[in-house]
>>> print(open('query_38.cif').read())   # mmCIF, C-alpha atoms and all ligand atoms
data_model
#
loop_
_atom_site.label_atom_id
_atom_site.label_comp_id
_atom_site.auth_asym_id
_atom_site.auth_seq_id
_atom_site.Cartn_x
_atom_site.Cartn_y
_atom_site.Cartn_z
CA MET A 36 69.43 83.54 121.93
CA ASN A 37 72.39 85.92 121.66
CA ALA A 38 72.52 88.99 119.46
CA ASP A 39 75.32 91.51 118.99
CA ILE A 40 73.63 94.46 117.31
CA GLU A 41 70.73 96.22 118.94
CA TYR A 42 68.15 98.17 116.89
CA ASP A 43 65.64 100.76 118.00
CA ILE A 44 62.89 99.02 116.07
CA ALA A 45 62.51 95.55 114.56
CA ILE A 46 59.65 95.00 112.11
CA ILE A 47 58.35 91.56 111.20
CA GLY A 48 56.74 91.59 107.75
CA GLY A 49 57.39 93.94 104.86
CA GLY A 50 53.96 94.59 103.37
CA LEU A 51 52.33 98.03 103.34
CA ALA A 52 52.12 98.41 107.12
CA GLY A 53 55.69 97.25 107.84
CA LEU A 54 57.40 99.15 105.02
CA THR A 55 55.64 102.46 105.66
CA LEU A 56 56.32 102.21 109.38
CA ALA A 57 59.99 101.49 108.65
CA ILE A 58 60.23 104.56 106.39
CA GLN A 59 58.68 106.87 109.02
CA CYS A 60 61.00 105.50 111.74
CA ALA A 61 64.10 105.86 109.52
CA ASP A 62 63.05 109.42 108.61
CA ALA A 63 62.94 110.22 112.33
CA GLY A 64 66.52 108.97 112.71
CA TYR A 65 65.89 105.58 114.37
CA SER A 66 67.77 102.40 113.48
CA VAL A 67 65.35 99.95 111.87
CA VAL A 68 65.64 96.33 110.86
CA LEU A 69 62.83 94.76 108.81
CA PHE A 70 62.37 91.08 107.97
CA GLU A 71 60.31 89.88 105.00
CA LYS A 72 60.02 86.19 104.28
CA GLU A 73 59.52 86.67 100.51
CA LYS A 74 61.96 88.23 98.05
CA TYR A 75 60.94 91.56 96.46
CA PRO A 76 59.31 92.13 94.07
CA PHE A 77 56.51 89.63 94.52
CA HIS A 78 52.79 89.23 93.92
CA LYS A 79 50.24 89.11 96.71
CA VAL A 80 46.57 88.14 97.01
CA CYS A 81 44.75 91.49 97.06
CA GLY A 82 42.01 93.20 95.04
CA GLU A 83 44.46 96.06 94.35
CA TYR A 84 41.82 98.78 94.64
CA ILE A 85 43.18 101.33 97.07
CA SER A 86 40.90 103.92 98.62
CA ASN A 87 41.82 107.59 98.09
CA GLU A 88 42.04 107.92 101.88
CA SER A 89 45.72 107.01 101.72
CA LYS A 90 46.78 109.02 98.67
CA PRO A 91 48.04 112.07 100.67
CA PHE A 92 50.08 109.83 103.02
CA LEU A 93 51.72 107.82 100.23
CA THR A 94 52.57 111.01 98.35
CA ARG A 95 54.01 112.65 101.51
CA LEU A 96 56.12 109.57 102.13
CA GLY A 97 57.71 109.87 98.69
CA ILE A 98 55.63 107.62 96.42
CA PRO A 99 54.60 109.84 93.48
CA ILE A 100 51.09 108.38 93.02
CA PRO A 101 49.69 111.38 91.04
CA GLU A 102 52.56 111.10 88.52
CA TRP A 103 51.93 107.41 87.82
CA ASN A 104 48.64 107.99 85.94
CA LEU A 105 46.92 105.08 87.62
CA PRO A 106 43.29 104.17 86.88
CA ALA A 107 41.03 106.47 88.96
CA ILE A 108 38.03 104.50 90.19
CA SER A 109 34.75 106.20 91.14
CA GLN A 110 31.99 103.73 90.22
CA LEU A 111 31.03 100.46 91.86
CA LEU A 112 28.98 97.84 90.07
CA ILE A 113 27.66 94.98 92.20
CA THR A 114 25.96 91.96 90.69
CA ASP A 115 23.99 89.33 92.58
CA ASN A 116 24.48 85.61 92.13
CA TYR A 117 22.04 85.58 89.20
CA GLY A 118 23.78 88.41 87.35
CA GLN A 119 21.39 91.26 88.18
CA ALA A 120 23.56 94.44 88.21
CA TYR A 121 23.33 97.43 90.57
CA PRO A 122 25.50 100.54 90.00
CA PHE A 123 26.65 102.74 92.90
CA THR A 124 28.83 105.84 93.14
CA LEU A 125 31.96 105.83 95.30
CA ASP A 126 32.12 109.29 96.85
CA LEU A 127 35.72 109.04 98.02
CA GLY A 128 36.83 106.69 95.24
CA GLY A 129 40.21 105.11 94.82
CA PHE A 130 42.85 103.98 92.35
CA GLY A 131 44.19 100.71 91.00
CA ILE A 132 47.79 99.57 91.49
CA SER A 133 49.31 96.10 91.72
CA ARG A 134 50.91 95.06 95.00
CA PHE A 135 53.89 93.93 92.93
CA ARG A 136 54.48 97.57 92.00
CA LEU A 137 53.39 99.36 95.19
CA ASP A 138 55.20 97.13 97.69
CA ASN A 139 58.33 97.15 95.56
CA ALA A 140 58.29 100.97 95.34
CA LEU A 141 58.02 101.15 99.14
CA TYR A 142 60.82 98.59 99.49
CA GLN A 143 63.10 100.70 97.25
CA LEU A 144 62.22 103.83 99.23
CA ALA A 145 62.92 102.09 102.55
CA LEU A 146 66.34 101.00 101.25
CA GLN A 147 67.11 104.61 100.24
CA LYS A 148 66.20 105.68 103.77
CA LYS A 149 68.77 103.19 105.12
CA VAL A 150 66.32 100.72 106.61
CA LEU A 151 68.15 97.43 106.97
CA ILE A 152 65.94 94.95 105.11
CA TYR A 153 66.44 91.21 105.18
CA SER A 154 64.20 89.86 102.44
CA GLY A 155 63.78 86.13 101.98
CA THR A 156 64.14 85.97 105.77
CA LYS A 157 61.48 84.60 108.08
CA VAL A 158 61.20 85.47 111.76
CA LEU A 159 60.74 82.31 113.78
CA ASN A 160 60.46 83.56 117.34
CA VAL A 161 60.39 86.71 119.46
CA VAL A 162 61.10 86.83 123.17
CA TYR A 163 60.78 89.87 125.43
CA GLU A 164 63.16 89.97 128.41
CA ASN A 165 64.67 92.76 130.53
CA ASN A 166 63.24 95.56 128.43
CA TYR A 167 64.55 94.11 125.14
CA PHE A 168 63.27 91.85 122.40
CA MET A 169 65.33 88.97 121.12
CA ILE A 170 64.34 88.09 117.57
CA GLU A 171 65.20 84.75 116.05
CA ALA A 172 65.20 84.85 112.26
CA THR A 173 66.37 82.37 109.63
CA ASN A 174 69.56 84.46 109.19
CA GLY A 175 70.46 84.83 112.88
CA ASN A 176 69.46 86.57 116.10
CA PHE A 177 68.77 90.27 116.60
CA SER A 178 67.81 92.51 119.48
CA ALA A 179 65.58 95.59 119.54
CA LYS A 180 63.96 98.03 121.95
CA VAL A 181 60.61 97.87 120.14
CA THR A 182 59.21 95.06 117.98
CA VAL A 183 56.32 95.43 115.59
CA GLY A 184 54.31 92.58 114.04
CA SER A 185 53.22 93.55 110.53
CA PHE A 186 53.05 89.97 109.33
CA GLY A 187 49.68 90.25 107.63
CA LYS A 188 46.55 88.17 107.68
CA ARG A 189 48.17 84.79 108.10
CA SER A 190 51.48 84.01 109.71
CA ASN A 191 53.35 81.47 111.80
CA PHE A 192 52.82 83.82 114.78
CA ASP A 193 49.02 83.53 114.64
CA ILE A 194 49.40 79.81 115.24
CA GLN A 195 52.39 80.01 117.61
CA TRP A 196 50.75 82.70 119.79
CA LYS A 197 47.15 81.42 119.43
CA ARG A 198 46.17 85.00 118.62
CA ILE A 199 42.74 84.77 117.07
CA LEU A 200 40.08 85.38 119.71
CA SER A 201 37.37 82.81 119.94
CA SER A 202 33.97 83.42 121.46
CA SER A 203 30.47 82.36 120.56
CA GLU A 204 29.78 85.98 119.55
CA ASN A 205 32.43 85.68 116.87
CA ASN A 206 31.40 82.32 115.48
CA LYS A 207 30.40 83.82 112.15
CA ALA A 208 33.63 85.74 111.82
CA GLU A 209 35.56 82.54 112.45
CA THR A 210 34.49 80.99 109.15
CA LYS A 211 37.69 80.36 107.21
CA PHE A 212 38.13 81.87 103.76
CA ILE A 213 40.47 81.53 100.82
CA GLY A 214 41.56 84.35 98.54
CA VAL A 215 42.52 83.82 94.88
CA LYS A 216 44.04 86.42 92.55
CA TYR A 217 44.85 86.67 88.84
CA HIS A 218 46.11 89.43 86.60
CA ILE A 219 44.25 89.37 83.33
CA ARG A 220 43.81 91.33 80.12
CA TYR A 221 40.16 92.12 79.64
CA PRO A 222 38.33 95.15 78.25
CA PHE A 223 37.10 96.74 81.47
CA PRO A 224 36.25 100.42 82.17
CA SER A 225 39.12 102.03 84.07
CA HIS A 226 36.80 104.15 86.29
CA GLN A 227 34.89 101.14 87.62
CA ILE A 228 35.29 98.37 90.15
CA ALA A 229 32.84 95.48 89.89
CA LEU A 230 31.98 93.07 92.67
CA HIS A 231 30.34 89.93 91.34
CA ASN A 232 28.65 87.73 93.93
CA PHE A 233 28.48 83.96 93.79
CA LYS A 234 27.42 81.33 96.30
CA ASN A 235 29.47 81.91 99.49
CA GLY A 236 31.78 84.45 97.92
CA TYR A 237 32.42 87.48 95.75
CA CYS A 238 34.90 88.38 93.05
CA GLY A 239 36.26 91.86 92.35
CA ILE A 240 37.60 93.16 89.06
CA SER A 241 39.25 96.52 88.38
CA MET A 242 42.12 97.94 86.36
CA VAL A 243 45.66 98.36 87.67
CA GLU A 244 48.71 99.75 85.81
CA ASP A 245 49.82 98.76 82.28
CA ASN A 246 46.33 98.00 81.02
CA LYS A 247 46.02 94.96 83.27
CA CYS A 248 43.03 94.00 85.40
CA CYS A 249 43.16 92.48 88.83
CA LEU A 250 40.62 89.67 89.24
CA CYS A 251 40.44 88.57 92.86
CA TYR A 252 37.90 86.59 94.83
CA LEU A 253 37.18 85.49 98.36
CA THR A 254 35.21 82.38 99.21
CA THR A 255 34.84 79.89 102.02
CA THR A 256 37.23 77.00 102.48
CA ASP A 257 34.10 74.80 102.41
CA ASN A 258 33.31 75.89 98.84
CA LEU A 259 36.74 74.69 97.75
CA ARG A 260 36.43 71.45 99.69
CA ARG A 261 33.09 70.73 98.01
CA SER A 262 34.87 71.11 94.66
CA GLY A 263 37.44 68.47 95.57
CA ASN A 264 39.98 71.17 96.55
CA ARG A 265 40.37 72.09 92.87
CA ILE A 266 40.21 75.79 92.13
CA ASN A 267 39.30 75.41 88.45
CA VAL A 268 36.46 73.01 89.30
CA MET A 269 35.13 75.45 91.93
CA GLU A 270 35.30 78.32 89.43
CA GLU A 271 33.38 76.38 86.77
CA ASP A 272 30.82 74.87 89.16
CA ILE A 273 30.18 77.85 91.43
CA LEU A 274 31.59 81.16 90.14
CA PHE A 275 30.33 80.57 86.58
CA GLN A 276 26.72 80.60 87.85
CA ASN A 277 27.05 84.38 87.80
CA PRO A 278 26.98 85.16 84.03
CA PHE A 279 29.36 88.14 84.46
CA LEU A 280 32.00 85.88 85.97
CA LYS A 281 31.53 83.18 83.35
CA LYS A 282 32.11 85.77 80.63
CA ILE A 283 35.23 87.20 82.29
CA PHE A 284 36.77 83.82 83.08
CA THR A 285 36.12 82.40 79.61
CA GLU A 286 37.09 85.48 77.56
CA ALA A 287 40.03 87.01 79.49
CA GLU A 288 43.71 86.41 78.83
CA PHE A 289 45.25 85.12 82.08
CA LEU A 290 48.74 86.50 82.69
CA TYR A 291 49.99 83.99 85.30
CA THR A 292 50.38 80.29 84.79
CA SER A 293 48.65 79.73 88.15
CA PRO A 294 46.78 82.06 90.54
CA GLN A 295 48.07 83.55 93.78
CA VAL A 296 46.23 81.83 96.61
CA ILE A 297 45.97 82.44 100.33
CA ALA A 298 44.15 79.99 102.60
CA GLU A 299 42.84 80.02 106.17
CA VAL A 300 41.92 83.71 106.16
CA SER A 301 39.94 84.73 109.24
CA PHE A 302 38.10 87.98 110.00
CA ALA A 303 37.81 87.28 113.72
CA PRO A 304 38.95 90.13 116.00
CA LYS A 305 42.61 90.08 117.05
CA THR A 306 44.66 91.77 119.74
CA GLN A 307 46.62 94.92 118.92
CA VAL A 308 49.46 94.13 121.33
CA HIS A 309 50.61 90.60 121.98
CA ASN A 310 53.63 89.51 124.02
CA ARG A 311 54.55 93.23 124.09
CA VAL A 312 54.74 93.32 120.28
CA LEU A 313 52.67 96.09 118.62
CA MET A 314 50.56 94.77 115.75
CA VAL A 315 49.90 96.85 112.64
CA GLY A 316 47.96 96.19 109.44
CA ASP A 317 46.13 92.90 109.05
CA ALA A 318 48.08 91.46 112.00
CA ALA A 319 45.99 93.78 114.21
CA GLY A 320 42.68 92.98 112.50
CA LEU A 321 41.57 92.29 108.95
CA ILE A 322 38.61 94.10 107.39
CA THR A 323 36.50 92.10 104.93
CA PRO A 324 37.85 92.85 101.45
CA LEU A 325 34.49 93.85 99.98
CA CYS A 326 34.96 97.17 101.85
CA GLY A 327 38.08 97.78 99.73
CA ASN A 328 40.12 99.60 102.32
CA GLY A 329 42.31 97.09 104.17
CA MET A 330 45.35 98.64 102.52
CA SER A 331 44.43 102.14 103.69
CA MET A 332 43.87 100.83 107.20
CA ALA A 333 47.29 99.14 107.19
CA LEU A 334 48.90 102.40 106.06
CA HIS A 335 46.98 104.48 108.59
CA ALA A 336 47.87 102.09 111.45
CA SER A 337 51.55 102.59 110.62
CA ILE A 338 51.15 106.30 111.44
CA LEU A 339 49.49 105.50 114.77
CA ALA A 340 52.25 103.03 115.62
CA PHE A 341 55.00 105.44 114.59
CA ASN A 342 53.63 108.21 116.83
CA VAL A 343 53.52 106.07 119.97
CA ILE A 344 56.91 104.43 119.28
CA ASP A 345 58.46 107.85 118.76
CA MET A 346 57.08 109.05 122.13
CA PHE A 347 58.38 105.89 123.83
CA LEU A 348 61.87 106.12 122.34
CA GLN A 349 62.05 109.78 123.34
CA GLU A 350 61.10 108.61 126.86
CA LYS A 351 57.95 110.75 126.91
CA ILE A 352 55.88 107.68 127.80
CA ASN A 353 56.80 104.27 129.24
CA ARG A 354 56.25 100.89 127.57
CA ASN A 355 52.91 100.22 129.29
CA GLU A 356 51.66 103.64 128.25
CA MET A 357 52.83 103.09 124.68
CA GLU A 358 50.98 99.77 124.45
CA HIS A 359 47.83 101.13 126.07
CA LEU A 360 47.77 104.26 123.92
CA TYR A 361 48.33 102.30 120.71
CA SER A 362 45.50 99.84 121.45
CA LYS A 363 43.20 102.71 122.31
CA LEU A 364 44.01 104.65 119.14
CA TRP A 365 43.66 101.55 116.98
CA GLN A 366 40.26 100.68 118.45
CA HIS A 367 39.10 104.27 118.07
CA HIS A 368 39.99 104.37 114.37
CA PHE A 369 39.21 100.87 113.19
CA LYS A 370 37.09 98.72 115.54
CA ARG A 371 33.73 99.89 114.20
CA ARG A 372 34.85 99.67 110.57
CA LEU A 373 35.81 96.03 111.02
CA TRP A 374 32.48 95.28 112.68
CA VAL A 375 30.46 96.93 109.89
CA GLY A 376 32.56 95.07 107.31
CA ARG A 377 31.74 91.72 108.94
CA GLN A 378 28.01 92.55 109.01
CA VAL A 379 28.00 93.56 105.34
CA GLN A 380 29.92 90.43 104.35
CA SER A 381 27.45 88.22 106.20
CA LEU A 382 24.69 89.62 103.94
CA MET A 383 26.59 88.53 100.85
CA GLY A 384 26.70 84.76 101.38
CA SER A 385 23.31 83.38 100.52
CA GLN A 386 21.78 83.89 97.09
CA TRP A 387 18.41 85.35 98.09
CA LEU A 388 19.84 87.50 100.89
CA THR A 389 22.43 89.07 98.59
CA SER A 390 19.76 89.89 96.00
CA ALA A 391 17.41 91.31 98.61
CA THR A 392 20.18 93.41 100.22
CA LEU A 393 21.28 94.83 96.87
CA LYS A 394 17.70 95.70 95.88
CA VAL A 395 17.19 97.59 99.16
CA LEU A 396 20.54 99.38 98.92
CA HIS A 397 19.83 100.38 95.35
CA MET A 398 16.47 101.86 96.32
CA LEU A 399 18.01 103.74 99.26
CA PRO A 400 21.11 105.59 97.97
CA THR A 401 21.47 107.65 101.17
CA LEU A 402 21.66 104.48 103.26
CA THR A 403 24.16 102.98 100.80
CA LYS A 404 26.40 106.05 101.06
CA LYS A 405 26.26 105.75 104.86
CA VAL A 406 27.20 102.05 104.79
CA ILE A 407 30.12 102.69 102.42
CA ALA A 408 31.28 105.71 104.46
CA SER A 409 31.14 103.77 107.73
CA THR A 410 33.71 101.25 106.43
CA HIS A 411 36.05 104.07 105.35
CA GLY A 412 37.92 106.83 107.14
CA GLN A 413 38.90 110.36 106.15
CA PRO A 414 41.94 111.07 103.93
CA PHE A 415 45.07 111.09 106.09
C1 LIG B 501 41.01 88.37 98.83
C2 LIG B 501 41.43 89.70 99.36
C3 LIG B 501 41.25 90.85 98.60
C4 LIG B 501 41.60 92.10 99.12
N1 LIG B 501 41.41 93.21 98.36
C5 LIG B 501 41.70 94.45 98.84
C6 LIG B 501 41.48 95.61 98.07
O1 LIG B 501 41.07 95.58 96.91
N2 LIG B 501 41.77 96.81 98.65
C7 LIG B 501 42.27 96.93 99.92
O2 LIG B 501 42.51 98.05 100.37
N3 LIG B 501 42.52 95.83 100.65
C8 LIG B 501 42.25 94.59 100.16
N4 LIG B 501 42.52 93.47 100.90
C9 LIG B 501 43.18 93.65 102.20
C10 LIG B 501 44.67 93.98 102.02
O3 LIG B 501 45.28 93.04 101.17
C11 LIG B 501 45.37 93.97 103.35
O4 LIG B 501 44.60 94.69 104.30
C12 LIG B 501 46.79 94.57 103.28
O5 LIG B 501 47.58 93.79 102.42
C13 LIG B 501 47.41 94.61 104.66
O6 LIG B 501 48.77 94.93 104.59
P1 LIG B 501 49.79 94.37 105.70
O7 LIG B 501 51.04 95.13 105.52
O8 LIG B 501 49.13 94.34 107.02
O9 LIG B 501 49.98 92.84 105.31
P2 LIG B 501 50.65 92.18 104.05
O10 LIG B 501 50.64 93.08 102.89
O11 LIG B 501 50.00 90.84 103.91
O12 LIG B 501 52.17 91.99 104.49
C14 LIG B 501 52.57 91.09 105.47
C15 LIG B 501 53.95 90.58 105.10
O13 LIG B 501 54.52 89.85 106.20
C16 LIG B 501 55.30 88.79 105.68
N5 LIG B 501 55.47 87.81 106.76
C17 LIG B 501 54.51 87.03 107.35
N6 LIG B 501 55.05 86.29 108.35
C18 LIG B 501 56.38 86.61 108.39
C19 LIG B 501 57.47 86.17 109.21
N7 LIG B 501 57.30 85.28 110.20
N8 LIG B 501 58.69 86.69 108.97
C20 LIG B 501 58.88 87.61 107.97
N9 LIG B 501 57.88 88.04 107.16
C21 LIG B 501 56.65 87.57 107.38
C22 LIG B 501 54.49 88.30 104.48
O14 LIG B 501 55.26 87.62 103.55
C23 LIG B 501 53.92 89.62 103.93
O15 LIG B 501 54.69 90.15 102.87
C24 LIG B 501 42.17 92.21 100.41
C25 LIG B 501 42.37 91.06 101.19
C26 LIG B 501 41.99 89.81 100.68
C27 LIG B 501 42.18 88.58 101.52
#
>>> encode(input="query_38.cif", output="structure tokens", more="lines below")
Ligand SMILES: Cc1cc2nc3c(=O)[nH]c(=O)nc-3n(C[C@H](O)[C@H](O)[C@H](O)COP(=O)(O)OP(=O)(O)OC[C@H]3O[C@@H](n4cnc5c(N)ncnc54)[C@H](O)[C@@H]3O)c2cc1C
Amino acid sequence: MNADIEYDIAIIGGGLAGLTLAIQCADAGYSVVLFEKEKYPFHKVCGEYISNESKPFLTRLGIPIPEWNLPAISQLLITDNYGQAYPFTLDLGGFGISRFRLDNALYQLALQKKVLIYSGTKVLNVVYENNYFMIEATNGNFSAKVTVGSFGKRSNFDIQWKRILSSSENNKAETKFIGVKYHIRYPFPSHQIALHNFKNGYCGISMVEDNKCCLCYLTTTDNLRRSGNRINVMEEDILFQNPFLKKIFTEAEFLYTSPQVIAEVSFAPKTQVHNRVLMVGDAAGLITPLCGNGMSMALHASILAFNVIDMFLQEKINRNEMEHLYSKLWQHHFKRRLWVGRQVQSLMGSQWLTSATLKVLHMLPTLTKKVIASTHGQPF
């Protein structure tokens, strides 16, 4: 691979982690190239409930969240597979915004900050040699001093680099999931997020901008297979057993012709540095979506990555120190949250276990607050 222009930082993947990292690096005066395989603006599978943890950071970066009058969410309603409902309070709370809008706003901001963005461009390979990275993308070859993988929960690199750890301890986490998302019109309280359980899965609903609701669920690949790989059959046969879901699915106006779908999602632990590439966001580890703070974690990880990259490029630390420090910081902030998220999700699969768990949590509000808090961080 030959490349003429050398960048300080190359970023693979322009979701929340990649775009916010690019903006921070550009603000600090570094040359940044970012590759995103899709063309902005675009929809993404996500529950679109974003924890208030990240509000100060987004606002500082230049995204005027308070001015956008987004739905403020402070109540959680969980139903079990039979439709028994349990209300909970979300102490920290969050807000609803579509990824179509948020990612596009960050993309526009990154362009203003002079980040070079190649959208509709996939990175195919990255090689580290003689202190530099050579990046092979569909539009040519590039070189950079630092490369960051912010390619999300599922990418060609996970397969190419065999990144997902496998051990008997993680067998449960290695179950493969699919995520499905719709935007719908449905009369739903703007201060609430509901999580409706069904056999081997759960479905969230909450408001985003423009009076739209995001309806998004996660279930096992096996559930889909058992329904002949047909999403509508699975919804009618399995999701509709929860009366709340049957009502939503039969009464709502669906705004897309077909849903957004992501397959082969895994919650198994990943490495935070691989082939000398720093991983941020879901590429470093994906928290189970029922915790509702994967987006905040992706944003927070971009700050950790920026700080160590900045020290490296200023020659305050060497490459080994940068990698070591980043892994350490990442583990310190997120390892336990991911673990708790996996434990909570494992209680939500079977019908009787979900009901029993919810009954106990409802009777013990202090414990519930602790569980919710242990999957979240402090505002940053
Ligand atoms: C079903 C489901 C529901 C969820 N709901 C919520 C929720 O309500 N709240 C919450 O906080 N979190 C939620 N999450 C988690 C949240 O979506 C993620 O944590 C967040 O999107 C992570 O951001 P990211 O930047 O790491 O990845 P992404 O936003 O996925 O961005 C990665 C980008 O990389 C691009 N890419 C991949 N490979 C390449 C390549 N080779 N070259 C170029 N580009 C590439 C992709 O196109 C993508 O745009 C949910 C997750 C799932 C699965």
>>> closest_residue(input="query_38.cif", among="A:Val379, A:Val67, A:Ile213, A:Ala408", to="A:Thr392", atoms="all atoms listed in the file")
A:Val379
>>> axis_aligned_box(input="query_38.cif", around="ligand LIG 501 (chain B)", padding_each_side="3 Å", output="lines of an AutoDock Vina configuration file")
center_x = 49.9
center_y = 91.7
center_z = 103.6
size_x = 23.9
size_y = 18.8
size_z = 19.3
>>> residues_around(input="query_38.cif", residues="A:Leu373", least_positions_apart="2", cutoff="12 Å", atoms="only C-alpha atoms", output="number ranges by chain")
A: 208, 302-305, 317, 319-329, 332, 365-371, 375-380, 409-412
>>> residues_around(input="query_38.cif", residues="A:Asp115", least_positions_apart="2", cutoff="10 Å", atoms="all atoms listed in the file", output="compact mmCIF listing (two decimals) with C-alpha atoms, in the coordinates of the input")
# COMPACT_ATOMS: atom_id res chain seq x y z
CA ILE A 113 27.66 94.98 92.20
CA TYR A 117 22.04 85.58 89.20
CA GLY A 118 23.78 88.41 87.35
CA GLN A 119 21.39 91.26 88.18
CA ALA A 120 23.56 94.44 88.21
CA TYR A 121 23.33 97.43 90.57
CA LEU A 230 31.98 93.07 92.67
CA HIS A 231 30.34 89.93 91.34
CA ASN A 232 28.65 87.73 93.93
CA PHE A 233 28.48 83.96 93.79
CA LYS A 234 27.42 81.33 96.30
CA TYR A 237 32.42 87.48 95.75
CA ASN A 277 27.05 84.38 87.80
CA PRO A 278 26.98 85.16 84.03
CA PHE A 279 29.36 88.14 84.46
CA MET A 383 26.59 88.53 100.85
CA SER A 385 23.31 83.38 100.52
CA GLN A 386 21.78 83.89 97.09
CA TRP A 387 18.41 85.35 98.09
CA LEU A 388 19.84 87.50 100.89
CA THR A 389 22.43 89.07 98.59
CA SER A 390 19.76 89.89 96.00
CA ALA A 391 17.41 91.31 98.61
CA THR A 392 20.18 93.41 100.22
CA LEU A 393 21.28 94.83 96.87
CA LYS A 394 17.70 95.70 95.88
>>> closest_atom_pairs(input="query_38.cif", of="chain A", to="ligand LIG 501 (chain B)", cutoff="7 Å", atoms="all atoms listed in the file", output="JSON lines")
{"residue": "A:Ile47", "atom": "CA", "partner": "B:LIG501", "partner_atom": "C20", "distance": 5.1}
{"residue": "A:Gly48", "atom": "CA", "partner": "B:LIG501", "partner_atom": "O13", "distance": 3.2}
{"residue": "A:Gly49", "atom": "CA", "partner": "B:LIG501", "partner_atom": "C15", "distance": 4.8}
{"residue": "A:Gly50", "atom": "CA", "partner": "B:LIG501", "partner_atom": "O12", "distance": 3.3}
{"residue": "A:Leu51", "atom": "CA", "partner": "B:LIG501", "partner_atom": "O7", "distance": 3.9}
{"residue": "A:Ala52", "atom": "CA", "partner": "B:LIG501", "partner_atom": "O7", "distance": 3.8}
{"residue": "A:Gly53", "atom": "CA", "partner": "B:LIG501", "partner_atom": "O7", "distance": 5.6}
{"residue": "A:Phe70", "atom": "CA", "partner": "B:LIG501", "partner_atom": "C20", "distance": 4.9}
{"residue": "A:Glu71", "atom": "CA", "partner": "B:LIG501", "partner_atom": "N9", "distance": 3.7}
{"residue": "A:Lys72", "atom": "CA", "partner": "B:LIG501", "partner_atom": "N9", "distance": 4.0}
{"residue": "A:Glu73", "atom": "CA", "partner": "B:LIG501", "partner_atom": "O14", "distance": 5.3}
{"residue": "A:Val80", "atom": "CA", "partner": "B:LIG501", "partner_atom": "C1", "distance": 5.9}
{"residue": "A:Cys81", "atom": "CA", "partner": "B:LIG501", "partner_atom": "C4", "distance": 3.8}
{"residue": "A:Gly82", "atom": "CA", "partner": "B:LIG501", "partner_atom": "O1", "distance": 3.2}
{"residue": "A:Glu83", "atom": "CA", "partner": "B:LIG501", "partner_atom": "O1", "distance": 4.3}
{"residue": "A:Tyr84", "atom": "CA", "partner": "B:LIG501", "partner_atom": "O1", "distance": 4.0}
{"residue": "A:Ile85", "atom": "CA", "partner": "B:LIG501", "partner_atom": "O2", "distance": 4.7}
{"residue": "A:Ser86", "atom": "CA", "partner": "B:LIG501", "partner_atom": "O2", "distance": 6.3}
{"residue": "A:Thr156", "atom": "CA", "partner": "B:LIG501", "partner_atom": "C20", "distance": 5.9}
{"residue": "A:Lys157", "atom": "CA", "partner": "B:LIG501", "partner_atom": "N8", "distance": 3.6}
{"residue": "A:Val158", "atom": "CA", "partner": "B:LIG501", "partner_atom": "N8", "distance": 3.9}
{"residue": "A:Leu159", "atom": "CA", "partner": "B:LIG501", "partner_atom": "N7", "distance": 5.8}
{"residue": "A:Ser185", "atom": "CA", "partner": "B:LIG501", "partner_atom": "O8", "distance": 5.4}
{"residue": "A:Phe186", "atom": "CA", "partner": "B:LIG501", "partner_atom": "O13", "distance": 3.5}
{"residue": "A:Gly187", "atom": "CA", "partner": "B:LIG501", "partner_atom": "O9", "distance": 3.5}
{"residue": "A:Lys188", "atom": "CA", "partner": "B:LIG501", "partner_atom": "O11", "distance": 5.8}
{"residue": "A:Arg189", "atom": "CA", "partner": "B:LIG501", "partner_atom": "C17", "distance": 6.8}
{"residue": "A:Ser190", "atom": "CA", "partner": "B:LIG501", "partner_atom": "N6", "distance": 4.4}
{"residue": "A:Asn191", "atom": "CA", "partner": "B:LIG501", "partner_atom": "N7", "distance": 5.7}
{"residue": "A:Phe192", "atom": "CA", "partner": "B:LIG501", "partner_atom": "N7", "distance": 6.6}
{"residue": "A:Gly214", "atom": "CA", "partner": "B:LIG501", "partner_atom": "C1", "distance": 4.1}
{"residue": "A:Val215", "atom": "CA", "partner": "B:LIG501", "partner_atom": "C1", "distance": 6.2}
{"residue": "A:Cys251", "atom": "CA", "partner": "B:LIG501", "partner_atom": "C1", "distance": 6.0}
{"residue": "A:Tyr252", "atom": "CA", "partner": "B:LIG501", "partner_atom": "C1", "distance": 5.4}
{"residue": "A:Leu253", "atom": "CA", "partner": "B:LIG501", "partner_atom": "C1", "distance": 4.8}
{"residue": "A:Val300", "atom": "CA", "partner": "B:LIG501", "partner_atom": "C27", "distance": 6.7}
{"residue": "A:Val315", "atom": "CA", "partner": "B:LIG501", "partner_atom": "O8", "distance": 6.2}
{"residue": "A:Gly316", "atom": "CA", "partner": "B:LIG501", "partner_atom": "O8", "distance": 3.3}
{"residue": "A:Asp317", "atom": "CA", "partner": "B:LIG501", "partner_atom": "O8", "distance": 3.9}
{"residue": "A:Ala318", "atom": "CA", "partner": "B:LIG501", "partner_atom": "O8", "distance": 5.8}
{"residue": "A:Leu321", "atom": "CA", "partner": "B:LIG501", "partner_atom": "O4", "distance": 6.0}
{"residue": "A:Ile322", "atom": "CA", "partner": "B:LIG501", "partner_atom": "O4", "distance": 6.8}
{"residue": "A:Pro324", "atom": "CA", "partner": "B:LIG501", "partner_atom": "C4", "distance": 4.5}
{"residue": "A:Gly327", "atom": "CA", "partner": "B:LIG501", "partner_atom": "N2", "distance": 4.0}
{"residue": "A:Asn328", "atom": "CA", "partner": "B:LIG501", "partner_atom": "O2", "distance": 3.5}
{"residue": "A:Gly329", "atom": "CA", "partner": "B:LIG501", "partner_atom": "O4", "distance": 3.3}
{"residue": "A:Met330", "atom": "CA", "partner": "B:LIG501", "partner_atom": "O2", "distance": 3.6}
{"residue": "A:Ser331", "atom": "CA", "partner": "B:LIG501", "partner_atom": "O2", "distance": 5.6}
{"residue": "A:Met332", "atom": "CA", "partner": "B:LIG501", "partner_atom": "O4", "distance": 6.8}
{"residue": "A:Ala333", "atom": "CA", "partner": "B:LIG501", "partner_atom": "O8", "distance": 5.1}
